[in-house]
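Trainee: Contents are mmCIF, C-alpha atoms; file name data29.cif:
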```cif
data_run
#
loop_
_atom_site.label_atom_id
_atom_site.label_comp_id
_atom_site.auth_asym_id
_atom_site.auth_seq_id
_atom_site.Cartn_x
_atom_site.Cartn_y
_atom_site.Cartn_z
CA MET A 47 44.17 100.02 48.35
CA HIS A 48 47.59 100.19 46.69
CA ALA A 49 47.92 102.64 43.81
CA ALA A 50 49.91 101.99 40.65
CA ASN A 51 53.29 102.42 42.32
CA GLY A 52 52.61 99.47 44.63
CA LEU A 53 53.88 101.23 47.73
CA ASP A 54 52.42 99.82 50.95
CA LEU A 55 51.93 102.90 53.13
CA LYS A 56 51.74 100.73 56.26
CA ASP A 57 55.47 100.18 55.85
CA TYR A 58 55.91 103.85 56.76
CA VAL A 59 53.80 103.81 59.92
CA ARG A 60 55.67 103.08 63.15
CA ASP A 61 53.95 101.43 66.11
CA ILE A 62 54.71 103.06 69.46
CA PRO A 63 53.37 101.09 72.44
CA ASP A 64 51.96 102.85 75.49
CA PHE A 65 51.63 106.32 73.97
CA PRO A 66 50.14 108.68 75.00
CA LYS A 67 49.31 106.40 77.93
CA PRO A 68 49.75 102.75 78.98
CA GLY A 69 47.82 100.28 76.84
CA ILE A 70 47.49 102.57 73.80
CA LEU A 71 49.34 101.57 70.61
CA PHE A 72 50.11 104.79 68.77
CA ARG A 73 50.35 104.71 64.96
CA ASP A 74 53.17 107.15 64.22
CA ILE A 75 53.07 108.60 60.71
CA THR A 76 56.26 110.66 60.97
CA PRO A 77 58.27 108.07 58.97
CA LEU A 78 55.71 108.46 56.16
CA LEU A 79 56.08 112.25 56.22
CA ALA A 80 59.87 112.02 56.22
CA THR A 81 59.93 109.82 53.11
CA PRO A 82 59.16 111.94 50.01
CA VAL A 83 57.84 109.09 47.83
CA ALA A 84 55.57 107.86 50.62
CA PHE A 85 54.19 111.32 51.44
CA GLU A 86 53.62 112.04 47.74
CA THR A 87 51.88 108.68 47.26
CA CYS A 88 49.72 109.33 50.29
CA VAL A 89 48.51 112.69 48.91
CA ASP A 90 47.96 111.17 45.44
CA ARG A 91 45.80 108.41 46.89
CA LEU A 92 43.87 110.77 49.17
CA ALA A 93 43.07 112.96 46.16
CA ALA A 94 42.13 110.16 43.74
CA PRO A 95 38.51 109.54 44.81
CA TYR A 96 37.70 113.25 44.76
CA GLN A 97 39.24 114.29 41.43
CA ASN A 98 35.87 114.77 39.74
CA ASP A 99 33.81 115.54 42.82
CA GLY A 100 33.76 119.33 42.55
CA VAL A 101 35.38 119.84 45.96
CA GLU A 102 35.68 123.58 46.55
CA VAL A 103 37.11 123.68 50.07
CA ILE A 104 39.27 121.37 52.18
CA VAL A 105 38.77 121.74 55.91
CA ALA A 106 41.03 120.32 58.62
CA ALA A 107 41.46 120.62 62.37
CA GLU A 108 44.87 121.51 63.79
CA ALA A 109 47.55 120.35 63.86
CA ARG A 110 48.28 117.06 62.04
CA GLY A 111 45.26 117.47 59.78
CA PHE A 112 46.92 120.52 58.24
CA ILE A 113 49.81 118.37 56.97
CA PHE A 114 47.58 116.45 54.57
CA ALA A 115 44.83 119.00 53.98
CA ALA A 116 47.11 121.71 52.60
CA PRO A 117 48.71 119.61 49.82
CA LEU A 118 45.34 118.04 49.07
CA ALA A 119 43.76 121.48 48.61
CA LEU A 120 46.47 122.39 46.10
CA ARG A 121 46.11 119.03 44.34
CA LEU A 122 42.34 119.43 43.97
CA GLY A 123 42.41 123.17 43.20
CA ALA A 124 40.35 123.82 46.32
CA GLY A 125 40.69 126.40 49.07
CA PHE A 126 41.95 125.45 52.51
CA VAL A 127 40.11 126.47 55.68
CA PRO A 128 41.66 125.72 59.08
CA ILE A 129 39.66 124.67 62.13
CA ARG A 130 41.44 125.60 65.32
CA LYS A 131 41.46 125.55 69.10
CA PRO A 132 39.84 128.55 70.82
CA GLY A 133 41.63 131.89 70.64
CA LYS A 134 43.73 131.07 67.58
CA LEU A 135 41.55 132.44 64.77
CA PRO A 136 41.52 136.24 64.64
CA PHE A 137 38.19 136.93 62.90
CA ASP A 138 34.62 136.14 64.02
CA THR A 139 34.11 132.40 64.47
CA HIS A 140 31.58 129.63 64.78
CA ALA A 141 32.41 127.48 67.81
CA PHE A 142 31.46 123.92 68.71
CA HIS A 143 31.92 122.41 72.17
CA TYR A 144 32.20 118.64 72.51
CA GLU A 145 32.78 115.96 75.11
CA LEU A 146 36.11 114.20 75.61
CA GLU A 147 36.87 111.21 77.80
CA TYR A 148 37.72 113.70 80.54
CA GLY A 149 36.24 117.17 80.20
CA THR A 150 35.30 119.07 77.06
CA ASP A 151 37.00 120.68 74.10
CA THR A 152 36.10 123.41 71.64
CA LEU A 153 36.88 123.96 67.96
CA GLU A 154 36.41 127.15 66.00
CA MET A 155 36.11 128.09 62.32
CA HIS A 156 35.93 131.56 60.76
CA ILE A 157 32.33 132.50 59.92
CA ASP A 158 33.45 133.45 56.41
CA GLY A 159 35.63 130.37 55.94
CA VAL A 160 33.05 128.36 54.03
CA ALA A 161 30.02 129.70 52.15
CA ARG A 162 26.52 128.21 52.13
CA ASN A 163 26.27 125.18 49.80
CA GLN A 164 30.02 125.02 49.11
CA ARG A 165 31.26 121.47 48.56
CA VAL A 166 33.63 120.63 51.40
CA LEU A 167 35.97 117.72 52.10
CA ILE A 168 37.14 117.18 55.68
CA VAL A 169 40.66 115.75 56.03
CA ASP A 170 42.56 114.38 59.02
CA ASP A 171 45.48 112.06 59.60
CA LEU A 172 43.54 109.70 61.88
CA LEU A 173 39.98 108.48 62.34
CA ALA A 174 39.68 107.06 65.85
CA THR A 175 36.42 107.62 67.80
CA GLY A 176 35.42 110.37 65.38
CA GLY A 177 34.96 113.10 68.00
CA THR A 178 37.11 115.68 66.24
CA VAL A 179 35.72 115.10 62.77
CA ASP A 180 32.16 115.10 64.13
CA ALA A 181 32.90 118.53 65.65
CA CYS A 182 34.17 119.66 62.23
CA CYS A 183 30.92 118.45 60.63
CA ARG A 184 28.86 120.41 63.17
CA LEU A 185 30.86 123.57 62.48
CA LEU A 186 30.26 123.12 58.76
CA GLU A 187 26.53 122.65 59.37
CA LYS A 188 26.53 126.10 60.99
CA SER A 189 27.97 127.49 57.74
CA GLY A 190 25.41 125.65 55.62
CA ALA A 191 28.18 123.85 53.74
CA HIS A 192 27.72 120.55 51.90
CA VAL A 193 30.16 117.95 53.27
CA VAL A 194 30.97 115.56 50.43
CA GLY A 195 33.08 113.28 52.61
CA CYS A 196 35.82 112.76 55.16
CA ALA A 197 39.25 111.45 54.15
CA PHE A 198 41.83 109.99 56.52
CA VAL A 199 45.29 108.51 56.25
CA VAL A 200 44.74 106.01 59.08
CA GLU A 201 41.46 104.51 60.34
CA LEU A 202 41.20 102.52 63.58
CA LEU A 203 38.18 100.40 62.71
CA SER A 204 37.36 99.08 66.19
CA LEU A 205 36.80 102.57 67.58
CA GLY A 206 33.74 103.10 65.38
CA GLY A 207 34.57 106.55 64.04
CA ALA A 208 32.81 105.92 60.71
CA GLN A 209 29.60 105.05 62.59
CA CYS A 210 29.97 108.20 64.71
CA ILE A 211 29.93 110.45 61.64
CA ALA A 212 27.48 108.42 59.50
CA PRO A 213 25.94 109.03 57.02
CA CYS A 214 28.92 111.15 55.94
CA PRO A 215 31.03 109.00 53.55
CA VAL A 216 34.41 107.98 54.95
CA PHE A 217 37.53 107.17 52.93
CA SER A 218 40.81 106.00 54.48
CA LEU A 219 44.14 104.80 53.10
CA ILE A 220 45.32 102.52 55.91
CA GLN A 221 43.06 100.49 58.18
CA TYR A 222 43.86 98.75 61.47
CA PRO A 223 41.38 96.42 63.18
CA MET B 126 58.71 139.96 44.70
CA HIS B 127 55.85 139.21 42.29
CA ALA B 128 56.22 136.05 40.22
CA ALA B 129 55.15 135.76 36.59
CA ASN B 130 51.43 135.70 37.33
CA GLY B 131 51.60 139.20 38.85
CA LEU B 132 49.47 138.30 41.86
CA ASP B 133 50.06 140.59 44.86
CA LEU B 134 49.82 138.23 47.82
CA LYS B 135 49.24 141.19 50.17
CA ASP B 136 45.78 141.46 48.64
CA TYR B 137 44.97 138.15 50.35
CA VAL B 138 46.14 139.14 53.84
CA ARG B 139 43.48 140.65 56.10
CA ASP B 140 44.41 143.10 58.85
CA ILE B 141 42.70 142.42 62.17
CA PRO B 142 43.25 145.18 64.77
CA ASP B 143 43.73 144.37 68.46
CA PHE B 144 44.30 140.63 68.07
CA PRO B 145 45.37 138.70 70.07
CA LYS B 146 45.47 141.73 72.38
CA PRO B 147 44.90 145.50 72.24
CA GLY B 148 47.44 147.37 70.13
CA ILE B 149 48.48 144.36 68.02
CA LEU B 150 47.61 144.39 64.31
CA PHE B 151 47.25 140.74 63.28
CA ARG B 152 48.04 139.77 59.68
CA ASP B 153 45.45 137.11 58.88
CA ILE B 154 46.44 134.76 56.06
CA THR B 155 43.22 132.74 56.00
CA PRO B 156 41.92 134.61 52.89
CA LEU B 157 45.13 133.57 51.12
CA LEU B 158 44.62 129.93 52.11
CA ALA B 159 40.99 130.00 51.01
CA THR B 160 41.86 131.27 47.51
CA PRO B 161 43.37 128.41 45.46
CA VAL B 162 45.35 130.60 43.02
CA ALA B 163 46.82 132.64 45.87
CA PHE B 164 47.79 129.59 47.95
CA GLU B 165 49.32 127.92 44.89
CA THR B 166 51.25 131.07 43.99
CA CYS B 167 52.47 131.35 47.56
CA VAL B 168 53.88 127.82 47.53
CA ASP B 169 55.41 128.35 44.07
CA ARG B 170 57.21 131.48 45.25
CA LEU B 171 58.35 129.89 48.50
CA ALA B 172 59.85 127.01 46.54
CA ALA B 173 61.51 129.07 43.81
CA PRO B 174 64.74 130.11 45.60
CA TYR B 175 65.39 126.55 46.79
CA GLN B 176 64.77 124.59 43.56
CA ASN B 177 68.44 123.79 43.08
CA ASP B 178 69.55 123.95 46.67
CA GLY B 179 69.55 120.26 47.47
CA VAL B 180 67.03 120.63 50.32
CA GLU B 181 66.43 117.18 51.81
CA VAL B 182 64.10 118.00 54.68
CA ILE B 183 61.54 120.71 55.42
CA VAL B 184 60.99 121.38 59.09
CA ALA B 185 58.14 123.41 60.60
CA ALA B 186 56.68 124.11 64.02
CA GLU B 187 52.99 123.53 64.65
CA ALA B 188 50.43 124.56 63.67
CA ARG B 189 50.36 127.19 60.91
CA GLY B 190 53.87 126.30 59.75
CA PHE B 191 52.56 122.88 58.71
CA ILE B 192 50.21 124.50 56.17
CA PHE B 193 53.09 125.77 54.03
CA ALA B 194 55.79 123.25 54.92
CA ALA B 195 53.88 120.19 53.77
CA PRO B 196 53.18 121.38 50.20
CA LEU B 197 56.68 122.82 49.99
CA ALA B 198 58.19 119.46 50.92
CA LEU B 199 56.23 117.80 48.12
CA ARG B 200 57.19 120.54 45.67
CA LEU B 201 60.90 120.20 46.48
CA GLY B 202 60.89 116.40 46.77
CA ALA B 203 61.99 116.70 50.39
CA GLY B 204 60.83 114.96 53.54
CA PHE B 205 58.70 116.76 56.11
CA VAL B 206 59.58 116.72 59.81
CA PRO B 207 57.19 118.31 62.32
CA ILE B 208 58.32 120.23 65.40
CA ARG B 209 55.70 120.13 68.12
CA LYS B 210 54.66 121.20 71.58
CA PRO B 211 55.64 118.86 74.44
CA GLY B 212 53.85 115.53 74.69
CA LYS B 213 52.68 115.41 71.08
CA LEU B 214 55.50 113.41 69.45
CA PRO B 215 55.41 109.72 70.38
CA PHE B 216 59.06 108.71 69.84
CA ASP B 217 62.24 109.91 71.64
CA THR B 218 62.73 113.64 71.18
CA HIS B 219 65.18 116.49 71.38
CA ALA B 220 63.66 119.35 73.38
CA PHE B 221 64.47 123.06 73.49
CA HIS B 222 63.16 125.44 76.16
CA TYR B 223 62.94 129.13 75.37
CA GLU B 224 61.77 132.39 76.89
CA LEU B 225 58.54 134.12 75.98
CA GLU B 226 57.33 137.57 77.01
CA TYR B 227 55.68 135.87 79.99
CA GLY B 228 57.03 132.47 81.00
CA THR B 229 58.72 129.84 78.85
CA ASP B 230 57.81 127.44 76.09
CA THR B 231 59.23 124.17 74.80
CA LEU B 232 59.45 122.61 71.35
CA GLU B 233 60.32 119.01 70.52
CA MET B 234 61.57 117.12 67.47
CA HIS B 235 62.01 113.37 67.03
CA ILE B 236 65.66 112.39 67.50
CA ASP B 237 65.53 110.48 64.21
CA GLY B 238 63.68 113.22 62.34
CA VAL B 239 66.75 114.72 60.74
CA ALA B 240 70.12 113.03 60.17
CA ARG B 241 73.55 114.60 60.69
CA ASN B 242 74.54 116.89 57.79
CA GLN B 243 71.14 116.71 56.10
CA ARG B 244 70.23 119.93 54.29
CA VAL B 245 67.20 121.42 56.03
CA LEU B 246 64.88 124.32 55.23
CA ILE B 247 62.80 125.78 58.08
CA VAL B 248 59.37 127.10 57.06
CA ASP B 249 56.80 129.16 58.93
CA ASP B 250 53.91 131.44 58.06
CA LEU B 251 55.24 134.41 60.04
CA LEU B 252 58.59 135.84 61.09
CA ALA B 253 57.97 138.18 64.04
CA THR B 254 60.56 138.28 66.86
CA GLY B 255 62.08 135.02 65.65
CA GLY B 256 61.71 133.14 68.94
CA THR B 257 60.02 130.09 67.44
CA VAL B 258 62.32 129.75 64.45
CA ASP B 259 65.37 130.26 66.67
CA ALA B 260 64.12 127.36 68.80
CA CYS B 261 63.79 125.27 65.62
CA CYS B 262 67.39 126.12 64.69
CA ARG B 263 68.60 125.01 68.12
CA LEU B 264 66.74 121.71 67.81
CA LEU B 265 68.33 121.15 64.41
CA GLU B 266 71.78 121.91 65.87
CA LYS B 267 71.21 119.04 68.29
CA SER B 268 70.67 116.76 65.29
CA GLY B 269 73.78 118.05 63.51
CA ALA B 270 71.68 119.17 60.54
CA HIS B 271 72.75 121.86 58.07
CA VAL B 272 70.13 124.63 57.98
CA VAL B 273 70.22 126.12 54.48
CA GLY B 274 67.69 128.84 55.29
CA CYS B 275 64.38 129.92 56.74
CA ALA B 276 61.41 130.79 54.54
CA PHE B 277 58.34 132.73 55.63
CA VAL B 278 55.14 133.94 54.03
CA VAL B 279 54.98 137.14 56.11
CA GLU B 280 57.86 139.05 57.75
CA LEU B 281 57.30 141.86 60.29
CA LEU B 282 60.54 143.78 59.73
CA SER B 283 60.43 146.03 62.80
CA LEU B 284 60.46 143.08 65.20
CA GLY B 285 63.97 142.09 64.16
CA GLY B 286 63.41 138.37 63.61
CA ALA B 287 66.02 138.13 60.86
CA GLN B 288 68.63 139.59 63.22
CA CYS B 289 67.57 137.14 65.93
CA ILE B 290 68.36 134.15 63.74
CA ALA B 291 71.39 135.60 61.86
CA PRO B 292 73.51 134.40 60.15
CA CYS B 293 70.86 131.96 58.93
CA PRO B 294 69.56 133.28 55.57
CA VAL B 295 65.97 134.52 55.66
CA PHE B 296 63.55 134.64 52.71
CA SER B 297 60.03 136.05 52.93
CA LEU B 298 57.25 136.71 50.43
CA ILE B 299 55.43 139.61 52.08
CA GLN B 300 57.05 142.25 54.26
CA TYR B 301 55.46 144.78 56.59
CA PRO B 302 57.46 147.61 58.23
#
```
Reformat the file's structure so that it appears as structure tokens.
Mentor:
Amino acid sequence: MHAANGLDLKDYVRDIPDFPKPGILFRDITPLLATPVAFETCVDRLAAPYQNDGVEVIVAAEARGFIFAAPLALRLGAGFVPIRKPGKLPFDTHAFHYELEYGTDTLEMHIDGVARNQRVLIVDDLLATGGTVDACCRLLEKSGAHVVGCAFVVELLSLGGAQCIAPCPVFSLIQYP
Amino acid sequence: MHAANGLDLKDYVRDIPDFPKPGILFRDITPLLATPVAFETCVDRLAAPYQNDGVEVIVAAEARGFIFAAPLALRLGAGFVPIRKPGKLPFDTHAFHYELEYGTDTLEMHIDGVARNQRVLIVDDLLATGGTVDACCRLLEKSGAHVVGCAFVVELLSLGGAQCIAPCPVFSLIQYP
């Protein structure tokens, strides 16, 4: 999955062992963000499959998702709609509660963020178990939106996120086993 | 402060009374984000004053700051370095603790995010009292960076944020009294 410039985006991901807790290998994308040619290439490649897909809205959950979703919205000429933790969005919201390993979490989206039948692309930096993006899909269902796909910078294949959100099509730039 | 296309960005800001608490009038930028021409114009105008300023890094605090900082970094050919709440950044960090109306808050930046003497632009959606952006400035001081300015979409003039971060030059697209 290398575009014309041949850049290997994995070269800009730093492995951090034992974060956020022992035994977890964290894939740190901050070197990618700090390197203009890598960040630009990343957005180019995220946009490529959707150039002729009629995407009208890009949706992303805070906070790292915003970093890729905002430039992608501009690149595709789409609007950007943020999904946030409770209490952050000032207007009326749809809310979705979901299970975490310990406890529950909630995400919210403005009720007027996405219109019925609008073509929506969900974007995040990382696809792990898929819990967050599944919550985004459920919020979009409440709006009656049409989710054309989910795009990620990094996908951790062994955690089964793509299965979690099937049949929604998944696209990712960098895969780890 | 209207660029060539004549768009008045204020038309895309929605006033929400009594959010997040009674007596506060919240300036909601989500209509701006959802409207591609307005979001694009916003990023164009944020970039304009810095086109020939040699900005090497754009820095922003989570979460709304990311929405403007990421496209601005791409537009200016600069790197993007996120400033985050405690426990979110996986590598070694600088931390800065600061006072809020009730209690304190902390922001962190990777110690290798910005190099000594790099030319840095701080970006956020809103300049209110200036507490968050002042904290960003202090973190950048720890790195020995050169802050060339702070750019905001919305500035609430009566709250004195520009005075709080003086003499750092402030630029904003939309001002309210």
Trainee: Quote the spacing between CA of Phe217 (chain A) and CA of Phe198 (chain A) in Å to one decimal place.
Mentor: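 CA of Phe217 (chain A) sits 6.3 Å away from CA of Phe198 (chain A).
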Trainee: Mind fitting chain A to chain B by least squares on all Cα atoms in order and giving back the moved coordinates as a CSV table (one decimal) with C-alpha atoms, keeping the file's coordinate frame?
Mentor:
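That gives us selection.csv:
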```
chain,number,residue,atom,x,y,z
A,47,MET,CA,58.7,140.0,44.7
A,48,HIS,CA,55.8,139.2,42.3
A,49,ALA,CA,56.2,136.1,40.2
A,50,ALA,CA,55.2,135.8,36.6
A,51,ASN,CA,51.5,135.7,37.4
A,52,GLY,CA,51.6,139.2,38.9
A,53,LEU,CA,49.5,138.3,41.9
A,54,ASP,CA,50.1,140.6,44.8
A,55,LEU,CA,49.8,138.2,47.8
A,56,LYS,CA,49.2,141.2,50.2
A,57,ASP,CA,45.8,141.5,48.6
A,58,TYR,CA,45.0,138.2,50.4
A,59,VAL,CA,46.1,139.1,53.8
A,60,ARG,CA,43.5,140.6,56.1
A,61,ASP,CA,44.4,143.1,58.9
A,62,ILE,CA,42.7,142.4,62.2
A,63,PRO,CA,43.3,145.2,64.8
A,64,ASP,CA,43.7,144.4,68.4
A,65,PHE,CA,44.3,140.6,68.1
A,66,PRO,CA,45.4,138.7,70.1
A,67,LYS,CA,45.5,141.7,72.4
A,68,PRO,CA,44.9,145.5,72.2
A,69,GLY,CA,47.4,147.4,70.1
A,70,ILE,CA,48.5,144.4,68.0
A,71,LEU,CA,47.6,144.4,64.3
A,72,PHE,CA,47.2,140.7,63.3
A,73,ARG,CA,48.1,139.8,59.7
A,74,ASP,CA,45.5,137.1,58.9
A,75,ILE,CA,46.4,134.8,56.1
A,76,THR,CA,43.2,132.7,56.0
A,77,PRO,CA,41.9,134.6,52.9
A,78,LEU,CA,45.1,133.6,51.1
A,79,LEU,CA,44.6,129.9,52.1
A,80,ALA,CA,41.0,130.0,51.0
A,81,THR,CA,41.9,131.3,47.5
A,82,PRO,CA,43.4,128.4,45.4
A,83,VAL,CA,45.3,130.6,43.0
A,84,ALA,CA,46.8,132.6,45.9
A,85,PHE,CA,47.8,129.6,47.9
A,86,GLU,CA,49.3,127.9,44.9
A,87,THR,CA,51.2,131.1,44.0
A,88,CYS,CA,52.5,131.4,47.6
A,89,VAL,CA,53.9,127.8,47.5
A,90,ASP,CA,55.4,128.3,44.1
A,91,ARG,CA,57.2,131.5,45.2
A,92,LEU,CA,58.3,129.9,48.5
A,93,ALA,CA,59.8,127.0,46.5
A,94,ALA,CA,61.5,129.1,43.8
A,95,PRO,CA,64.7,130.1,45.6
A,96,TYR,CA,65.4,126.5,46.8
A,97,GLN,CA,64.8,124.6,43.6
A,98,ASN,CA,68.4,123.8,43.1
A,99,ASP,CA,69.6,124.0,46.7
A,100,GLY,CA,69.5,120.3,47.5
A,101,VAL,CA,67.0,120.6,50.3
A,102,GLU,CA,66.4,117.2,51.8
A,103,VAL,CA,64.1,118.0,54.7
A,104,ILE,CA,61.5,120.7,55.4
A,105,VAL,CA,61.0,121.4,59.1
A,106,ALA,CA,58.1,123.4,60.6
A,107,ALA,CA,56.7,124.1,64.0
A,108,GLU,CA,53.0,123.5,64.7
A,109,ALA,CA,50.4,124.5,63.7
A,110,ARG,CA,50.4,127.2,60.9
A,111,GLY,CA,53.9,126.3,59.7
A,112,PHE,CA,52.6,122.9,58.7
A,113,ILE,CA,50.2,124.5,56.2
A,114,PHE,CA,53.1,125.8,54.0
A,115,ALA,CA,55.8,123.3,54.9
A,116,ALA,CA,53.9,120.2,53.8
A,117,PRO,CA,53.2,121.4,50.2
A,118,LEU,CA,56.7,122.8,50.0
A,119,ALA,CA,58.2,119.5,50.9
A,120,LEU,CA,56.2,117.8,48.1
A,121,ARG,CA,57.2,120.6,45.7
A,122,LEU,CA,60.9,120.2,46.5
A,123,GLY,CA,60.9,116.4,46.8
A,124,ALA,CA,62.0,116.7,50.4
A,125,GLY,CA,60.8,115.0,53.5
A,126,PHE,CA,58.7,116.8,56.1
A,127,VAL,CA,59.6,116.7,59.8
A,128,PRO,CA,57.2,118.3,62.3
A,129,ILE,CA,58.3,120.2,65.4
A,130,ARG,CA,55.7,120.1,68.1
A,131,LYS,CA,54.7,121.2,71.6
A,132,PRO,CA,55.7,118.9,74.4
A,133,GLY,CA,53.9,115.5,74.7
A,134,LYS,CA,52.7,115.4,71.1
A,135,LEU,CA,55.5,113.4,69.4
A,136,PRO,CA,55.4,109.7,70.4
A,137,PHE,CA,59.1,108.7,69.9
A,138,ASP,CA,62.2,109.9,71.6
A,139,THR,CA,62.7,113.6,71.2
A,140,HIS,CA,65.2,116.5,71.4
A,141,ALA,CA,63.7,119.4,73.4
A,142,PHE,CA,64.5,123.1,73.5
A,143,HIS,CA,63.1,125.4,76.2
A,144,TYR,CA,62.9,129.1,75.4
A,145,GLU,CA,61.8,132.4,76.9
A,146,LEU,CA,58.5,134.1,76.0
A,147,GLU,CA,57.3,137.5,77.0
A,148,TYR,CA,55.6,135.9,79.9
A,149,GLY,CA,57.0,132.5,81.0
A,150,THR,CA,58.7,129.8,78.8
A,151,ASP,CA,57.8,127.4,76.1
A,152,THR,CA,59.2,124.2,74.8
A,153,LEU,CA,59.5,122.6,71.3
A,154,GLU,CA,60.3,119.0,70.5
A,155,MET,CA,61.6,117.1,67.5
A,156,HIS,CA,62.0,113.4,67.0
A,157,ILE,CA,65.7,112.4,67.5
A,158,ASP,CA,65.5,110.5,64.2
A,159,GLY,CA,63.7,113.2,62.3
A,160,VAL,CA,66.7,114.7,60.7
A,161,ALA,CA,70.1,113.0,60.2
A,162,ARG,CA,73.5,114.6,60.7
A,163,ASN,CA,74.5,116.9,57.8
A,164,GLN,CA,71.1,116.7,56.1
A,165,ARG,CA,70.2,119.9,54.3
A,166,VAL,CA,67.2,121.4,56.0
A,167,LEU,CA,64.9,124.3,55.2
A,168,ILE,CA,62.8,125.8,58.1
A,169,VAL,CA,59.4,127.1,57.1
A,170,ASP,CA,56.8,129.2,58.9
A,171,ASP,CA,53.9,131.4,58.0
A,172,LEU,CA,55.2,134.4,60.0
A,173,LEU,CA,58.6,135.8,61.1
A,174,ALA,CA,58.0,138.2,64.0
A,175,THR,CA,60.6,138.3,66.9
A,176,GLY,CA,62.1,135.0,65.7
A,177,GLY,CA,61.7,133.1,68.9
A,178,THR,CA,60.0,130.1,67.4
A,179,VAL,CA,62.3,129.8,64.5
A,180,ASP,CA,65.4,130.3,66.7
A,181,ALA,CA,64.1,127.3,68.8
A,182,CYS,CA,63.8,125.3,65.6
A,183,CYS,CA,67.4,126.1,64.7
A,184,ARG,CA,68.6,125.0,68.1
A,185,LEU,CA,66.7,121.7,67.8
A,186,LEU,CA,68.3,121.2,64.4
A,187,GLU,CA,71.8,121.9,65.9
A,188,LYS,CA,71.2,119.0,68.3
A,189,SER,CA,70.7,116.8,65.3
A,190,GLY,CA,73.8,118.1,63.5
A,191,ALA,CA,71.7,119.2,60.5
A,192,HIS,CA,72.8,121.9,58.1
A,193,VAL,CA,70.1,124.6,58.0
A,194,VAL,CA,70.2,126.1,54.5
A,195,GLY,CA,67.7,128.8,55.3
A,196,CYS,CA,64.4,129.9,56.8
A,197,ALA,CA,61.4,130.8,54.5
A,198,PHE,CA,58.3,132.7,55.6
A,199,VAL,CA,55.1,133.9,54.0
A,200,VAL,CA,55.0,137.1,56.1
A,201,GLU,CA,57.9,139.1,57.8
A,202,LEU,CA,57.3,141.9,60.3
A,203,LEU,CA,60.5,143.8,59.7
A,204,SER,CA,60.4,146.0,62.8
A,205,LEU,CA,60.5,143.1,65.2
A,206,GLY,CA,64.0,142.1,64.1
A,207,GLY,CA,63.4,138.4,63.6
A,208,ALA,CA,66.0,138.1,60.8
A,209,GLN,CA,68.6,139.6,63.2
A,210,CYS,CA,67.6,137.1,65.9
A,211,ILE,CA,68.4,134.1,63.7
A,212,ALA,CA,71.4,135.6,61.9
A,213,PRO,CA,73.5,134.4,60.1
A,214,CYS,CA,70.9,132.0,58.9
A,215,PRO,CA,69.6,133.3,55.6
A,216,VAL,CA,66.0,134.5,55.6
A,217,PHE,CA,63.6,134.6,52.7
A,218,SER,CA,60.0,136.0,52.9
A,219,LEU,CA,57.2,136.7,50.4
A,220,ILE,CA,55.4,139.6,52.1
A,221,GLN,CA,57.1,142.3,54.2
A,222,TYR,CA,55.5,144.8,56.6
A,223,PRO,CA,57.5,147.6,58.2
```
Trainee: Taking only C-alpha atoms into account, what are the residues of chain A at most 9 Å from chain B, put as number ranges by chain?
Mentor: A: 62, 65-66, 72-74, 76-83, 85-86, 103-104, 108-110, 112-120, 123-128, 133-137, 156, 159-160
Trainee: For Leu282 (chain B), please output as a VMD selection string all residues within 8 Å (counting all atoms listed in the file; exclusion window: fewer than 5 positions along the same chain).
Mentor: chain B and resid 253 287 300 to 302
Trainee: Could you save those same residues with C-alpha atoms as an mmCIF file, in the coordinates of the input?
Mentor:
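The resulting out08.cif:
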```
data_model
loop_
_atom_site.group_PDB
_atom_site.id
_atom_site.type_symbol
_atom_site.label_atom_id
_atom_site.label_comp_id
_atom_site.auth_asym_id
_atom_site.auth_seq_id
_atom_site.Cartn_x
_atom_site.Cartn_y
_atom_site.Cartn_z
ATOM 1 C CA ALA B 253 57.970 138.180 64.040
ATOM 2 C CA ALA B 287 66.020 138.130 60.860
ATOM 3 C CA GLN B 300 57.050 142.250 54.260
ATOM 4 C CA TYR B 301 55.460 144.780 56.590
ATOM 5 C CA PRO B 302 57.460 147.610 58.230
#
```
Trainee: When you draw a straight line from CA of Tyr175 (chain B) to CA of Val245 (chain B), how long is it in Å?
Mentor: 10.7 Å
Trainee: Between A:Gly176, A:Asp54, A:Glu154, A:Ser204, which residue has the minimum interatomic distance to Lys188 (chain A), considering only C-alpha atoms?
Mentor: A:Glu154
Trainee: Please indicate the distance in Å from CA of Asn51 (chain A) to CA of Ser218 (chain A), rounded to one decimal place.
Mentor: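 Spanning CA of Asn51 (chain A) to CA of Ser218 (chain A) is a straight-line distance of 17.8 Å.
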Trainee: Carefully work through the PyMOL selection byres ((chain A and resi 180) around 10) for this structure and note down the residues it includes, as a list in words.
Mentor: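 With the PyMOL selection byres ((chain A and resi 180) around 10) on this model, the match is Phe142, Tyr144, Thr175, Gly176, Gly177, Thr178, Val179, Ala181, Cys182, Cys183, Arg184, Leu185, Leu186, Cys196, Gly207, Ala208, Cys210, Ile211, Ala212 and Cys214 of chain A.
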Trainee: Considering only C-alpha atoms, state which residue in the set A:Ala197, A:Ala141, A:Ala94, A:Leu205 is at the smallest distance from Leu153 (chain A).
Mentor: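 Counting only C-alpha atoms, the residue closest to Leu153 (chain A) is A:Ala141.
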Trainee: Identify which of the residues A:Val101, A:Ile129, A:Leu173, A:Cys88 lies closest to Gly206 (chain A), counting all atoms listed in the file when measuring atom-to-atom distances.
Mentor: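 Under the stated criterion, the closest residue is A:Leu173.
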Trainee: Set the distance at 9 Å and use only C-alpha atoms: which residues neighbour Arg162 (chain A) once local chain neighbours fewer than 6 positions away are removed? I'd like the list as a ChimeraX atom specification.
Mentor: /A:189-192
Trainee: Using all atoms listed in the file, which residue out of B:Leu225, B:Ala185, B:Val278, B:Val295 lies closest to Leu171 (chain B)?
Mentor: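 Nearest candidate to Leu171 (chain B) out of B:Leu225, B:Ala185, B:Val278, B:Val295: B:Val278.
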